[in-house]
Amino acid sequence: MMTSLEEAAMERIQYHQYGGPEVMRLEEFEPARPGSGQVLVRVRAAAANPMDWGLRSGALKMATGRAFPRGLGHDFAGVVEAVGPGVTRLALGDAVLGGASIKASGAFGDMVVADEKAVVKKPAHLSFEEAAALPTVGLTAFQALTRKGKLQPGQAVFINGCLGGVGRAAAQIALAHGASVGGSCRATATQDARDLGIDPIVEFGFAPDTLGRRFDIVLDTAHTLSGEGAKQLLKPGGRIVGLHPTPATFVRAALPGPFRVLVAQASPEDLQEVARAAAQGLLRVPIARTVPLTHAIEALTELERDGTPKGGKLIITTA
């Protein structure tokens with residue numbers, strides 16, 4: 001372990017202007033020292049999410065600002081290198097998993113600074129690669145079901161897009177909570193859904209009225225269900241949870257009725273529950289490809305442009 005941040009050259013993927021994949025560069029940088037309530041983590045593995053290239057494209061520039069260069073990447077697992085004032089749950093040398101803030105990002109590199117509230121200790125039985133795959137999809141699925149959906153044992157859940165990253169995690173979390181799960185997916189993937197324990201399984205574009213009002217929670221991860229279609233699936237008193245926060249969905253969620261919209265929030269308690277489920281074998285986020293940081297730009301570009309690899313996470317590892 002180095003004794004000061006200046007003793008070794010650190011690298012990360014960053015960009016000097018908003019734009020497409022062509023703006024990404026692997027460059028040396030000087031890690032920031034952790035501020036109050038923050039930790040500095042030596043990254044061992046990081047996971048790619050669509051949110052990463054959405055931020056890089058400038059989709060949320062009102063929140064991320066115009067200061068460059070900006071780091072890329074949110075989800076990570078690694079080892080705590082330093083702690084800032086006020087940090088109480090984590091200590092130097094702890095193996096952890098978590099997410100960088102939207103404004104700072106920077107997980108695709110040798111070091112990243114994150115708020116302590118967005119980081120938890122890594123279960124010993126999880127590899128760094130497995131742990132890095134969890135934060136965004138796991139936390140989103142957990143909060144959608146338990147915080148917005150008020151999931152209870154014995155309930156029935158329908159997941160539109162049950163084999164996407166969040167959908168697959170939500171199916172496993174719901175089943176672990178004693179719920180039954182139905183879902184929609186591509187026709188070619190129905191066996192994968194069946195292997196997860198999902199039943200009934202329908203194809204995208206299904207007619208909602210064919211399933212009747214049999215579900216307590218409808219979770220739309222694919223953003224392809226109309227409001228009326230979702231209501232046709234819902235039992236009286238049930239809840240519809242959407243994951244795409246637009247002005248229209250916020251207005252609909254503010255009105256009386258079953259609609260809710262989730263904006264996932266950093267919560268050490270919720271993230272610890274996700275990590276615990278993974279450690280117990282109740283939640284598995286598949287990994288489709290692992291690449292070193294030196295080859296990550298090419299892999300990220302391929303994932304963004306072509307959607308490959310499919311069927312799991314792209315994981316970036318450091319030496």
# chains A, B, ... in the order shown; residues from 1 in each chain; ligands from 1

$ residues_around --residues "stretch 131-141 of chain A" --least-positions-apart "6" --cutoff "7 Å" --atoms "only C-alpha atoms" --output "PDB file with N, CA and C atoms, in the first residue's frame"
ATOM      1  N   ALA A  45     -12.550  -3.474  -9.050  1.00  0.00           N
ATOM      2  CA  ALA A  45     -13.444  -3.779 -10.166  1.00  0.00           C
ATOM      3  C   ALA A  45     -14.532  -2.717 -10.223  1.00  0.00           C
ATOM      4  N   ALA A  46     -15.021  -2.446 -11.433  1.00  0.00           N
ATOM      5  CA  ALA A  46     -16.104  -1.484 -11.635  1.00  0.00           C
ATOM      6  C   ALA A  46     -17.049  -2.056 -12.688  1.00  0.00           C
ATOM      7  N   ALA A  47     -18.313  -1.645 -12.637  1.00  0.00           N
ATOM      8  CA  ALA A  47     -19.325  -2.180 -13.554  1.00  0.00           C
ATOM      9  C   ALA A  47     -19.946  -1.058 -14.362  1.00  0.00           C
ATOM     10  N   ASP A  75     -20.478   2.373 -10.411  1.00  0.00           N
ATOM     11  CA  ASP A  75     -20.431   1.204  -9.529  1.00  0.00           C
ATOM     12  C   ASP A  75     -19.015   0.657  -9.394  1.00  0.00           C
ATOM     13  N   PHE A  76     -18.619   0.316  -8.174  1.00  0.00           N
ATOM     14  CA  PHE A  76     -17.258  -0.176  -7.952  1.00  0.00           C
ATOM     15  C   PHE A  76     -17.207  -1.097  -6.744  1.00  0.00           C
ATOM     16  N   ALA A  77     -16.101  -1.821  -6.654  1.00  0.00           N
ATOM     17  CA  ALA A  77     -15.718  -2.549  -5.446  1.00  0.00           C
ATOM     18  C   ALA A  77     -14.216  -2.414  -5.303  1.00  0.00           C
ATOM     19  N   LEU A  97     -18.000  -2.161  -1.383  1.00  0.00           N
ATOM     20  CA  LEU A  97     -18.672  -1.963  -2.666  1.00  0.00           C
ATOM     21  C   LEU A  97     -19.560  -0.738  -2.543  1.00  0.00           C
ATOM     22  N   GLY A  98     -19.823  -0.095  -3.669  1.00  0.00           N
ATOM     23  CA  GLY A  98     -20.663   1.085  -3.599  1.00  0.00           C
ATOM     24  C   GLY A  98     -20.721   1.828  -4.909  1.00  0.00           C
ATOM     25  N   GLY A  99     -21.162   3.084  -4.819  1.00  0.00           N
ATOM     26  CA  GLY A  99     -21.309   3.901  -6.012  1.00  0.00           C
ATOM     27  C   GLY A  99     -20.799   5.311  -5.788  1.00  0.00           C
ATOM     28  N   LYS A 122     -17.905  -5.173   1.783  1.00  0.00           N
ATOM     29  CA  LYS A 122     -18.125  -6.272   0.851  1.00  0.00           C
ATOM     30  C   LYS A 122     -18.186  -7.593   1.614  1.00  0.00           C
ATOM     31  N   GLY A 165     -31.101  -5.822 -16.436  1.00  0.00           N
ATOM     32  CA  GLY A 165     -30.314  -5.798 -15.206  1.00  0.00           C
ATOM     33  C   GLY A 165     -31.170  -5.599 -13.971  1.00  0.00           C
ATOM     34  N   VAL A 166     -31.996  -4.554 -13.958  1.00  0.00           N
ATOM     35  CA  VAL A 166     -32.855  -4.276 -12.811  1.00  0.00           C
ATOM     36  C   VAL A 166     -33.965  -5.321 -12.710  1.00  0.00           C
ATOM     37  N   ALA A 169     -32.684  -8.572 -11.194  1.00  0.00           N
ATOM     38  CA  ALA A 169     -32.447  -8.395  -9.760  1.00  0.00           C
ATOM     39  C   ALA A 169     -33.765  -8.319  -9.006  1.00  0.00           C
ATOM     40  N   ALA A 170     -34.742  -7.603  -9.567  1.00  0.00           N
ATOM     41  CA  ALA A 170     -36.038  -7.465  -8.903  1.00  0.00           C
ATOM     42  C   ALA A 170     -36.745  -8.810  -8.782  1.00  0.00           C
ATOM     43  N   ALA A 264     -33.693   6.262  -7.343  1.00  0.00           N
ATOM     44  CA  ALA A 264     -32.940   5.536  -6.321  1.00  0.00           C
ATOM     45  C   ALA A 264     -32.068   6.491  -5.507  1.00  0.00           C
ATOM     46  N   ASP A 270     -30.089  -0.112   2.762  1.00  0.00           N
ATOM     47  CA  ASP A 270     -30.626  -0.831   1.607  1.00  0.00           C
ATOM     48  C   ASP A 270     -29.515  -1.541   0.832  1.00  0.00           C
ATOM     49  N   LEU A 271     -28.390  -0.871   0.651  1.00  0.00           N
ATOM     50  CA  LEU A 271     -27.288  -1.492  -0.082  1.00  0.00           C
ATOM     51  C   LEU A 271     -26.737  -2.685   0.684  1.00  0.00           C
ATOM     52  N   VAL A 274     -28.920  -5.609  -0.064  1.00  0.00           N
ATOM     53  CA  VAL A 274     -28.604  -6.139  -1.389  1.00  0.00           C
ATOM     54  C   VAL A 274     -27.352  -7.013  -1.313  1.00  0.00           C
ATOM     55  N   VAL A 285     -26.128 -11.225 -10.035  1.00  0.00           N
ATOM     56  CA  VAL A 285     -26.100 -10.385 -11.230  1.00  0.00           C
ATOM     57  C   VAL A 285     -25.067 -10.991 -12.169  1.00  0.00           C
ATOM     58  N   LYS A 313     -23.288  -8.129 -17.034  1.00  0.00           N
ATOM     59  CA  LYS A 313     -22.539  -6.902 -16.843  1.00  0.00           C
ATOM     60  C   LYS A 313     -21.179  -6.921 -17.540  1.00  0.00           C
TER      61      LYS A 313
END

$ residues_around --residues "stretch 233-247 of chain A" --least-positions-apart "6" --cutoff "9 Å" --atoms "only C-alpha atoms" --output "NGL selection string"
:A and (140 or 144-145 or 148-150 or 158 or 208-223 or 227 or 257-264)

$ closest_residue --among "A:Glu130, A:Asp192, A:Ala104, A:Asp110" --to "A:Ala9" --atoms "only C-alpha atoms"
A:Asp110

$ closest_residue --among "A:Pro34, A:Pro69, A:Gly109, A:Pro85" --to "A:Glu11" --atoms "only C-alpha atoms"
A:Gly109

$ closest_residue --among "A:Val43, A:Glu27, A:Trp53, A:Ala288" --to "A:Thr301" --atoms "only C-alpha atoms"
A:Trp53

$ residues_around --residues "A:Asp52" --least-positions-apart "6" --cutoff "8 Å" --atoms "only C-alpha atoms" --output "list in words"
Leu72, Gly73 and His74 of chain A

$ write_last_selection --atoms "C-alpha atoms" --output "PDB file, in the first residue's frame"
ATOM      1  CA  LEU A  72     -16.576   8.138 -15.816  1.00  0.00           C
ATOM      2  CA  GLY A  73     -18.189   5.279 -13.935  1.00  0.00           C
ATOM      3  CA  HIS A  74     -20.424   4.776 -10.910  1.00  0.00           C
TER       4      HIS A  74
END

$ residues_around --residues "A:Arg12" --least-positions-apart "5" --cutoff "9 Å" --atoms "only C-alpha atoms" --output "list of chain:residue names"
A:Arg25, A:Leu26, A:Glu27, A:Glu28, A:Phe29, A:Gly71, A:Leu72, A:Gly106, A:Ala107, A:Phe108, A:Gly109, A:Asp110, A:Met111, A:Leu293

$ select_by_dssp --residues "stretch 264-294 of chain A" --states "strand (DSSP E)" --output "list in words"
Ile287, Ala288, Arg289, Thr290, Val291 and Pro292 of chain A

$ residues_around --residues "A:Glu203" --least-positions-apart "4" --cutoff "10 Å" --atoms "only C-alpha atoms" --output "list in words"
Asn160, Gly161, Gly183, Ser184, Cys185, Arg186, Ala187, Thr188, Ala189, Thr190 and Ala207 of chain A
